[in-house]
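Enquirer: Before anything else, here's the structure in question.
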Amino acid sequence: GCGNDVDPYIEREWLLVVMDCVLYRPEAFRHALYNREPFATIFCGDNVDHNNKFGGLRQLMRYSFIAALIRTYLWHATTTDEEDVIGTRSAKLLVVLCQSLVGENFMAIATIVSASIIVKMSMRTRTSDSSMATSCKIKTQCNDASSSFFYSRLYLAVALSSFFHLVTIFAIIWDNSATVCLLGTLFVLSLQRMGVATVVDERLRREMDTKTVLTQDVSLRLKQSIPLVAGIAARTLCSHIVSKAVGNDSDCIGIPIKSSIGSFCIS
């Protein structure tokens, strides 16, 4: 063993952690979700606000709402129409905000459900192979192994990665085009994939007492993408249903998909 547990990011500033997240380093994602305040203590054992049972949930919803606001502003910045009257524009913004908020939560729920299934399946098929030997682990601020803590990490991995839509907002200052929005969407989805995969990996390490599996098992790496795919499908379908229900087919600011049953937008 290595003797001591160390998180190399514990003494680094937020900006450096964010930069490493952009570079898709799992260690940076793990630090942000497990060791960095204020995220580390959400739904963490005794740190849950027992005077308000919904304290942790309220915090998660706050981040989800911020992500929805960012997405709504991005839609507003990329679809400005001079013919829209103020009242109509405000109504459309409200609908887009509701779509984004509901879609974000549906995506998180679908991701949590599918990730739980993947973890259970991986636990059942584990073997007593030499690769499962105990190794040096990174100590985390909260060692809570409860399901609620695991679910909250997945929720944060989805919601916090959406904050990087801010990069797209800055980019459209120079080039307000569908291509920039598409690339921005792919960038955010790739960060969400890395975040979800990191949480699943950490869960497996804790449950199976193994070293990291992110770079060892190719089949598992593919499985780690399934939860996010399920989440994206849920959010896209939810947004499509809401659009049809309220009669508001807003412009797509992500990846447009046309099919025989209608047009969808992955954003």
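Letters A, B, ... go to the chains of the structure tokens in the order shown; residues in each chain start at 1; ligands are counted from 1 in the same order.
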Check the DSSP output for the backbone and give back, as a ChimeraX atom specification, the residues of region 16-70 of chain A in alpha helix (DSSP H).
Expert: /A:16-22,26-34,55-70
Enquirer: Extract, using only C-alpha atoms, all DNA, RNA and protein residues at most 7 Å from region 98-115 of chain A, discarding same-chain residues fewer than 4 positions from it, and format them as a PyMOL selection string.
Expert: chain A and resi 64-65+68+71+94+119+151+154-155+158+200+227-228+230-232+234-235+238-239+242
Enquirer: What's the 10 Å shell around Val167 (chain A), counting only C-alpha atoms, without same-chain residues fewer than 3 positions away, as an NGL selection string?
Expert: :A and (163-164 or 170-172 or 184 or 187-188)
Enquirer: To one decimal place, how far is CA of Val229 (chain A) from CA of Pro26 (chain A) in Å?
Expert: 19.0 Å
Enquirer: Could you state the separation of CA of Ala40 (chain A) and CA of Arg153 (chain A) in Å, given to one decimal place?
Expert: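 Separation between CA of Ala40 (chain A) and CA of Arg153 (chain A): 8.7 Å.
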Enquirer: Hey, which of A:Ser162, A:Ser177, A:Thr79, A:Thr168 ends up closest to Leu189 (chain A)? Count only C-alpha atoms.
Expert: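 Of A:Ser162, A:Ser177, A:Thr79, A:Thr168, the one nearest Leu189 (chain A) is A:Ser162, counting only C-alpha atoms.
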Enquirer: I'd like to know which of A:Trp75, A:Tyr24, A:Trp14, A:Tyr9 is closest to Ser161 (chain A), using only C-alpha atoms.
Expert: A:Tyr24
Enquirer: Figure out the distance between CA of Met121 (chain A) and CA of Glu27 (chain A), please, to one decimal in Å.
Expert: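 Computing the Euclidean distance for CA of Glu27 (chain A) and CA of Met121 (chain A) yields 24.5 Å.
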